[in-house]
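**Q** Structure file model.txt (compact mmCIF, C-alpha atoms) is given on the next line.
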# COMPACT_ATOMS: atom_id res chain seq x y z
CA MET T 14 200.80 59.93 93.90
CA LEU T 15 200.26 61.00 90.29
CA ARG T 16 197.03 58.98 90.12
CA THR T 17 195.76 60.65 93.31
CA LYS T 18 196.51 64.12 91.96
CA SER T 19 194.79 63.27 88.68
CA PHE T 20 191.72 62.00 90.50
CA CYS T 21 191.57 65.16 92.64
CA PHE T 22 191.89 67.31 89.50
CA VAL T 23 188.97 65.49 87.84
CA VAL T 24 186.83 65.88 90.96
CA TRP T 25 187.70 69.59 91.07
CA ILE T 26 186.73 70.07 87.40
CA MET T 27 183.45 68.22 87.93
CA ALA T 28 182.66 70.40 90.94
CA LEU T 29 183.31 73.54 88.91
CA MET T 30 181.05 72.26 86.13
CA ALA T 31 178.26 71.55 88.61
CA LEU T 32 178.73 74.98 90.17
CA GLY T 33 178.63 76.59 86.73
CA ALA T 34 175.42 74.74 85.82
CA GLY T 35 173.84 75.81 89.10
CA ALA T 36 174.88 79.41 88.53
CA ALA T 37 173.50 79.33 84.98
CA ARG T 38 170.18 77.96 86.23
CA ALA T 39 170.08 80.62 88.95
CA ALA T 40 170.75 83.29 86.33
CA ARG T 41 167.85 82.03 84.21
CA ILE T 42 165.53 82.11 87.22
CA ASP T 43 166.71 85.62 88.05
CA ASP T 44 165.81 86.64 84.49
CA LEU T 45 162.22 85.61 85.17
CA TYR T 46 161.98 88.26 87.86
CA ARG T 47 163.41 90.99 85.59
CA ALA T 48 161.57 93.16 83.07
CA GLN T 49 162.34 96.18 80.93
CA VAL T 50 160.21 99.05 79.65
CA VAL T 51 160.85 102.33 77.84
CA VAL T 52 160.10 105.45 79.90
CA SER T 53 160.38 109.16 79.18
CA GLY T 54 163.24 110.23 81.39
CA ARG T 55 164.03 109.48 85.01
CA GLY T 56 161.21 111.33 86.73
CA GLU T 57 159.53 109.69 89.70
CA ALA T 58 156.07 109.59 88.08
CA ASN T 59 157.36 107.89 84.95
CA ARG T 60 159.38 105.49 87.09
CA ALA T 61 156.27 104.46 89.02
CA THR T 62 154.42 103.83 85.75
CA GLY T 63 157.36 101.79 84.50
CA PHE T 64 157.44 99.74 87.72
CA ALA T 65 153.73 98.93 87.29
CA GLN T 66 154.18 97.85 83.67
CA CYS T 67 157.20 95.71 84.54
CA LEU T 68 155.36 94.10 87.44
CA GLU T 69 152.59 92.82 85.18
CA ASP T 70 155.18 91.45 82.75
CA VAL T 71 157.03 89.66 85.55
CA LEU T 72 153.88 88.16 87.06
CA VAL T 73 153.00 86.75 83.64
CA LYS T 74 156.55 85.57 82.96
CA VAL T 75 157.07 83.86 86.31
CA SER T 76 153.66 82.14 86.30
CA GLY T 77 153.45 81.45 82.56
CA ASP T 78 149.84 82.67 82.65
CA PRO T 79 148.98 85.58 80.30
CA ARG T 80 145.44 85.69 81.67
CA LEU T 81 146.88 87.97 84.36
CA ILE T 82 147.24 90.74 81.75
CA GLY T 83 144.61 93.34 82.51
CA ASP T 84 143.38 91.49 85.60
CA PRO T 85 141.95 94.14 87.97
CA ARG T 86 143.67 92.45 90.91
CA VAL T 87 147.02 92.86 89.14
CA THR T 88 146.22 96.51 88.49
CA ALA T 89 145.61 96.98 92.20
CA ILE T 90 148.90 95.28 93.11
CA ALA T 91 150.76 97.28 90.44
CA GLY T 92 149.96 100.46 92.34
CA LYS T 93 152.40 99.23 94.99
CA ALA T 94 154.96 97.82 92.55
CA GLY T 95 157.73 100.01 93.97
CA SER T 96 157.62 98.11 97.26
CA MET T 97 158.48 94.89 95.40
CA VAL T 98 161.48 96.26 93.50
CA ALA T 99 164.89 94.93 94.51
CA ALA T 100 166.91 97.06 92.05
CA PHE T 101 166.52 99.11 88.90
CA THR T 102 168.76 100.74 86.29
CA TYR T 103 168.37 103.22 83.44
CA ARG T 104 169.96 103.30 79.99
CA ASP T 105 169.65 106.45 77.88
CA ARG T 106 168.39 105.32 74.46
CA LEU T 107 169.88 108.48 72.93
CA SER T 108 173.26 108.09 74.58
CA GLY T 109 175.80 110.13 72.61
CA VAL T 110 173.10 112.33 71.06
CA PRO T 111 173.24 115.93 72.39
CA ILE T 112 170.19 117.17 74.31
CA HIS T 113 167.97 119.34 72.10
CA ASP T 114 167.36 122.96 73.07
CA GLU T 115 163.81 122.21 74.22
CA GLN T 116 164.56 118.78 75.65
CA GLY T 117 165.60 118.27 79.23
CA SER T 118 167.45 115.20 80.45
CA TYR T 119 164.24 114.05 82.15
CA ASP T 120 162.41 113.94 78.79
CA ARG T 121 164.78 111.62 76.95
CA PRO T 122 163.67 108.02 76.39
CA HIS T 123 165.34 105.51 78.69
CA ASP T 124 165.29 101.73 79.04
CA LEU T 125 164.20 101.06 82.60
CA THR T 126 165.30 97.59 83.76
CA VAL T 127 163.66 96.38 86.96
CA ASP T 128 164.59 93.44 89.18
CA PHE T 129 161.83 92.37 91.54
CA ASP T 130 162.16 90.56 94.87
CA PRO T 131 161.37 86.89 94.09
CA ILE T 132 159.84 86.28 97.52
CA LYS T 133 157.43 89.20 97.11
CA ILE T 134 156.53 88.19 93.54
CA ASP T 135 155.85 84.61 94.60
CA ALA T 136 153.65 85.91 97.43
CA ALA T 137 151.74 88.11 94.96
CA LEU T 138 151.18 85.12 92.69
CA GLU T 139 149.88 83.08 95.61
CA HIS T 140 147.43 85.91 96.34
CA LEU T 141 146.34 85.71 92.68
CA GLY T 142 145.89 81.94 92.84
CA ARG T 143 148.96 81.20 90.72
CA GLU T 144 152.27 79.43 91.25
CA PRO T 145 155.75 80.31 90.01
CA TRP T 146 156.86 78.13 87.09
CA LEU T 147 160.51 77.63 87.99
CA SER T 148 161.23 74.20 86.50
CA GLN T 149 163.36 73.97 83.36
CA ARG T 150 161.26 75.26 80.49
CA PRO T 151 161.18 73.43 77.17
CA ARG T 152 162.65 75.03 74.09
CA VAL T 153 159.89 76.08 71.72
CA VAL T 154 160.61 75.47 68.05
CA VAL T 155 158.38 77.78 66.00
CA VAL T 156 157.36 76.35 62.63
CA LEU T 157 155.56 79.20 60.90
CA LYS T 158 154.28 79.66 57.35
CA VAL T 159 153.98 83.33 56.42
CA THR T 160 151.71 84.58 53.63
CA PRO T 161 152.58 88.25 53.11
CA ARG T 162 150.43 90.91 51.49
CA LYS T 163 152.64 90.74 48.43
CA GLY T 164 154.89 87.94 47.27
CA ALA T 165 154.96 84.21 47.73
CA PRO T 166 154.39 82.40 51.04
CA PHE T 167 157.52 81.32 52.91
CA MET T 168 158.60 79.46 56.02
CA LEU T 169 160.19 81.69 58.63
CA SER T 170 163.64 80.31 59.39
CA SER T 171 166.68 81.21 61.44
CA ASP T 172 168.94 81.77 58.44
CA SER T 173 166.66 83.19 55.72
CA GLY T 174 167.53 86.54 54.14
CA GLY T 175 165.54 89.70 53.64
CA ALA T 176 164.82 92.69 55.87
CA SER T 177 161.26 91.59 56.60
CA ASP T 178 162.47 88.15 57.70
CA ALA T 179 165.00 89.75 60.04
CA ASP T 180 162.33 92.04 61.51
CA MET T 181 160.07 89.06 62.16
CA ARG T 182 162.87 87.04 63.75
CA PHE T 183 163.74 89.93 66.06
CA SER T 184 160.09 90.43 66.98
CA LEU T 185 159.55 86.74 67.68
CA ALA T 186 162.67 86.57 69.86
CA ALA T 187 161.46 89.59 71.84
CA ALA T 188 158.04 87.98 72.32
CA ALA T 189 159.65 84.77 73.59
CA ALA T 190 161.96 86.62 75.98
CA ARG T 191 159.04 88.59 77.37
CA VAL T 192 157.41 85.38 78.64
CA GLY T 193 160.67 83.67 79.57
CA MET T 194 160.49 80.97 76.90
CA PRO T 195 163.62 79.70 75.12
CA MET T 196 162.77 79.77 71.41
CA GLU T 197 164.32 78.58 68.16
CA LEU T 198 163.45 78.74 64.48
CA PRO T 199 164.22 75.92 62.06
CA LEU T 200 167.08 76.18 59.59
CA GLN T 201 165.91 77.09 56.11
CA ALA T 202 167.03 73.77 54.65
CA ASN T 203 165.30 71.81 57.44
CA ALA T 204 162.04 73.74 57.75
CA GLY T 205 160.00 70.79 56.50
CA LYS T 206 161.42 68.22 58.92
CA SER T 207 158.94 66.70 61.34
CA ASP T 208 161.48 66.42 64.18
CA PRO T 209 161.78 69.91 65.73
CA LYS T 210 165.23 69.14 67.16
CA ALA T 211 166.55 68.10 63.77
CA ALA T 212 164.95 71.13 62.13
CA THR T 213 166.91 73.54 64.32
CA GLY T 214 170.18 71.61 64.27
CA SER T 215 170.20 71.57 68.09
CA VAL T 216 171.04 67.87 68.31
CA ALA T 217 174.12 68.34 66.16
CA ALA T 218 175.16 71.21 68.41
CA GLY T 219 174.69 69.06 71.52
CA ASN T 220 171.79 71.18 72.76
CA ASP T 221 169.46 68.42 73.87
CA GLY T 222 166.51 68.63 76.24
CA GLU T 223 162.77 68.90 76.16
CA VAL T 224 161.42 70.50 73.00
CA ALA T 225 157.92 71.66 72.12
CA GLU T 226 156.78 72.60 68.63
CA LEU T 227 154.62 75.68 68.14
CA SER T 228 153.29 75.55 64.60
CA GLY T 229 151.19 78.13 62.87
CA THR T 230 150.30 80.29 59.92
CA LEU T 231 150.57 84.05 59.65
CA ALA T 232 148.62 85.58 56.78
CA TRP T 233 147.92 89.19 55.82
CA SER T 234 144.21 90.01 55.46
CA ASP T 235 142.88 93.20 53.93
CA GLU T 236 139.47 92.32 55.35
CA ALA T 237 140.85 91.98 58.89
CA LYS T 238 143.09 95.02 58.33
CA GLY T 239 146.07 93.18 59.65
CA TRP T 240 147.61 89.76 60.17
CA ILE T 241 145.68 86.63 61.06
CA ALA T 242 147.68 84.14 63.10
CA ASP T 243 146.57 80.58 63.78
CA TRP T 244 148.60 78.68 66.38
CA ARG T 245 148.83 75.06 67.44
CA ILE T 246 150.82 73.27 70.13
CA LYS T 247 150.59 69.67 71.23
CA THR T 248 151.58 68.42 74.66
CA GLU T 249 150.75 65.34 76.69
CA GLY T 250 148.63 63.97 73.85
CA ARG T 251 146.37 67.02 73.54
CA ASP T 252 146.15 69.65 70.79
CA TYR T 253 145.67 73.30 71.71
CA LEU T 254 144.50 75.71 69.00
CA TRP T 255 143.99 79.48 69.12
CA GLN T 256 143.84 82.48 66.80
CA VAL T 257 144.32 86.25 66.75
CA ARG T 258 143.05 88.51 63.95
CA GLY T 259 143.68 91.98 62.60
CA VAL T 260 146.94 92.72 64.43
CA GLY T 261 150.51 93.66 63.62
CA PHE T 262 152.99 90.80 63.50
CA ASP T 263 154.54 91.96 66.79
CA GLU T 264 151.22 91.34 68.56
CA ALA T 265 150.70 88.11 66.61
CA PHE T 266 154.02 86.79 67.91
CA ARG T 267 153.28 87.92 71.46
CA ASN T 268 149.96 86.07 71.20
CA GLY T 269 151.70 82.91 70.00
CA MET T 270 154.40 82.87 72.66
CA ARG T 271 151.99 83.78 75.45
CA GLY T 272 149.73 80.93 74.38
CA ALA T 273 152.67 78.50 74.31
CA ALA T 274 153.71 79.58 77.81
CA GLN T 275 150.14 79.19 79.08
CA VAL T 276 149.85 75.65 77.73
CA LEU T 277 153.29 74.43 78.73
CA SER T 278 153.02 75.89 82.25
CA GLY T 279 149.81 73.92 82.80
CA ASN T 280 147.53 76.96 82.81
CA GLY T 281 145.13 75.60 80.19
CA GLN T 282 143.71 76.62 76.83
CA PRO T 283 144.70 80.02 75.40
CA ALA T 284 141.82 82.35 74.61
Would you mind writing the file's structure down as structure tokens?
**A**
Amino acid sequence: MLRTKSFCFVVWIMALMALGAGAARAARIDDLYRAQVVVSGRGEANRATGFAQCLEDVLVKVSGDPRLIGDPRVTAIAGKAGSMVAAFTYRDRLSGVPIHDEQGSYDRPHDLTVDFDPIKIDAALEHLGREPWLSQRPRVVVVLKVTPRKGAPFMLSSDSGGASDADMRFSLAAAAARVGMPMELPLQANAGKSDPKAATGSVAAGNDGEVAELSGTLAWSDEAKGWIADWRIKTEGRDYLWQVRGVGFDEAFRNGMRGAAQVLSGNGQPA
């Protein structure tokens, strides 16, 4: 009798674990159909603009194809973005700060979070000649050498100090989230390791799975009046190289993560 109860308990635990894994995967897929933008208040006109901006982000994130950014067909669809929205919420970015004398509640900046209907988004992608990329996405380990305007070059790592390093880490994480890519940086002590899993310590933490390495350089250029980023990713025996010049590091990181998503989703060579 005891053995039977023990067996049933084990089966029950395994079922809960499988259910939890399925729920976690569903949550990640749901995240692909969600986007956030800052809007000025809760007015209907600003909401419609926010819906349109979020729709473009979601189409790119779900498909993994940044070539949809600025596509006239997407612009046309974005005009009807409200019809694809399943739910939306606001968060006052100045919560707790009193309204100024000349500021109405509709003028305050808000985070607008939008959840789109997956069926309608998938249909829109089909219309655009794209497919949703819903399989498990590889973790992208970013191995990046930074040459700042002043000071010595350094490798961006997950545990390095300094305000500028923290700003870059935050910006890179935001760029990865925007395209729905799990991303890690190497540990400072392991930044030179050739194995991306070992460099992040993920194996030691039991976080196994498919890993892709996005390597690059980020250098300040007075001539370009901004940063120059060179990116490289290798998959299925092929090297993909691309570059962006004269931009802030936020845009450089968005360019890198968008390119990685484009390659890994099977949408070809980044521009």
**Q** Using all atoms listed in the file, can you tell me which of T:Gln149, T:Ser76, T:Ser177, T:Ser171 comes closest to Pro131 (chain T)?
**A**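 With all atoms listed in the file as the atom set, the closest residue is T:Ser76.
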**Q** Excluding region 152-164 of chain T and any residue of its chain fewer than 2 positions from it, enumerate the residues within 6 Å of it, using all atoms listed in the file, and give them as a PDB file with C-alpha atoms, keeping the file's coordinate frame.
**A**
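Printed below is part07.pdb as written:
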ATOM      1  CA  PRO T 166     154.390  82.400  51.040  1.00  0.00           C
ATOM      2  CA  PHE T 167     157.520  81.320  52.910  1.00  0.00           C
ATOM      3  CA  MET T 168     158.600  79.460  56.020  1.00  0.00           C
ATOM      4  CA  LEU T 169     160.190  81.690  58.630  1.00  0.00           C
ATOM      5  CA  PRO T 195     163.620  79.700  75.120  1.00  0.00           C
ATOM      6  CA  MET T 196     162.770  79.770  71.410  1.00  0.00           C
ATOM      7  CA  GLU T 197     164.320  78.580  68.160  1.00  0.00           C
ATOM      8  CA  LEU T 198     163.450  78.740  64.480  1.00  0.00           C
ATOM      9  CA  VAL T 224     161.420  70.500  73.000  1.00  0.00           C
ATOM     10  CA  ALA T 225     157.920  71.660  72.120  1.00  0.00           C
ATOM     11  CA  GLU T 226     156.780  72.600  68.630  1.00  0.00           C
ATOM     12  CA  LEU T 227     154.620  75.680  68.140  1.00  0.00           C
ATOM     13  CA  SER T 228     153.290  75.550  64.600  1.00  0.00           C
ATOM     14  CA  GLY T 229     151.190  78.130  62.870  1.00  0.00           C
ATOM     15  CA  THR T 230     150.300  80.290  59.920  1.00  0.00           C
ATOM     16  CA  LEU T 231     150.570  84.050  59.650  1.00  0.00           C
ATOM     17  CA  ALA T 232     148.620  85.580  56.780  1.00  0.00           C
ATOM     18  CA  TRP T 233     147.920  89.190  55.820  1.00  0.00           C
TER      19      TRP T 233
END
**Q** Counting all atoms listed in the file, which residue out of T:Ala61, T:Ala48, T:Ala187, T:Val73 sits closest to Ser278 (chain T)?
**A**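 Among the listed residues, the smallest separation from Ser278 (chain T) belongs to T:Val73.
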**Q** What lies within 12 Å of Asp135 (chain T) using only C-alpha atoms, ignoring chain neighbours under 6 positions off, as a list of chain:residue names?
**A** T:Leu45, T:Tyr46, T:Leu68, T:Val71, T:Leu72, T:Val73, T:Lys74, T:Val75, T:Ser76, T:Met97, T:Phe129, T:Leu141, T:Gly142, T:Arg143, T:Glu144, T:Pro145, T:Trp146, T:Leu147
**Q** Calculate how many Å separate CA of Asn268 (chain T) from CA of Thr102 (chain T), rounding to one decimal.
**A** 28.2 Å
**Q** Using Å and a single decimal, report how far CA of Asp124 (chain T) sits from CA of Val52 (chain T).
**A** 6.4 Å
**Q** Using Å and a single decimal, report how far CA of Asp128 (chain T) sits from CA of Gly193 (chain T).
**A**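 According to the coordinates, CA of Gly193 (chain T) and CA of Asp128 (chain T) are separated by 14.3 Å.
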**Q** Dig up all the protein and nucleic acid residues within 10 Å of (149.3, 71.6, 73.2) in the file frame, using all atoms listed in the file, and format them as a list in words.
**A**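 Protein and nucleic acid residues near the point are Ala225, Glu226, Leu227, Trp244, Arg245, Ile246, Lys247, Thr248, Glu249, Gly250, Arg251, Asp252, Tyr253, Leu254, Gly272, Ala273, Gln275, Val276, Leu277, Gly279, Gly281, Gln282 and Pro283 of chain T.
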**Q** Which neighbours of Arg104 (chain T) fall inside 9 Å, counting only C-alpha atoms, when residues of the same chain fewer than 6 positions from it are skipped, and could you give them as a list in words?
**A**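 In the requested format, the answer is Pro122, His123, Asp124, Leu125 and Thr126 of chain T.
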**Q** Calculate, to one decimal in Å, the centre and edge lengths of the box along x, y and z of the file that holds all listed atoms of region 100-106 of chain T with 5 Å of margin on each side, and present them as AutoDock Vina command-line options.
**A**
--center_x 168.2 --center_y 101.8 --center_z 83.3 --size_x 13.4 --size_y 19.4 --size_z 27.6
**Q** Which residue out of T:Ala189, T:Asp263, T:Met194, T:Gly95 has the minimum interatomic distance to Asn59 (chain T) when only C-alpha atoms are used?
**A**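 For Asn59 (chain T), the nearest of the candidates is T:Gly95.
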**Q** Which residue, T:Ala186, T:Gln256, T:Glu236, T:Gly174, has the smallest gap to Leu200 (chain T) when you use all atoms listed in the file?
**A**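 Closest candidate: T:Gly174.
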**Q** Nearest to Leu107 (chain T): which of T:Ala94, T:Val51, T:Cys67, T:Val87 is it, counting all atoms listed in the file?
**A**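 Counting all atoms listed in the file, the residue closest to Leu107 (chain T) is T:Val51.
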**Q** Hey, what's within 8 Å of Gly239 (chain T) if we count only C-alpha atoms and toss same-chain stuff fewer than 6 positions away? As a ChimeraX atom specification, please?
**A** /T:233,258-261
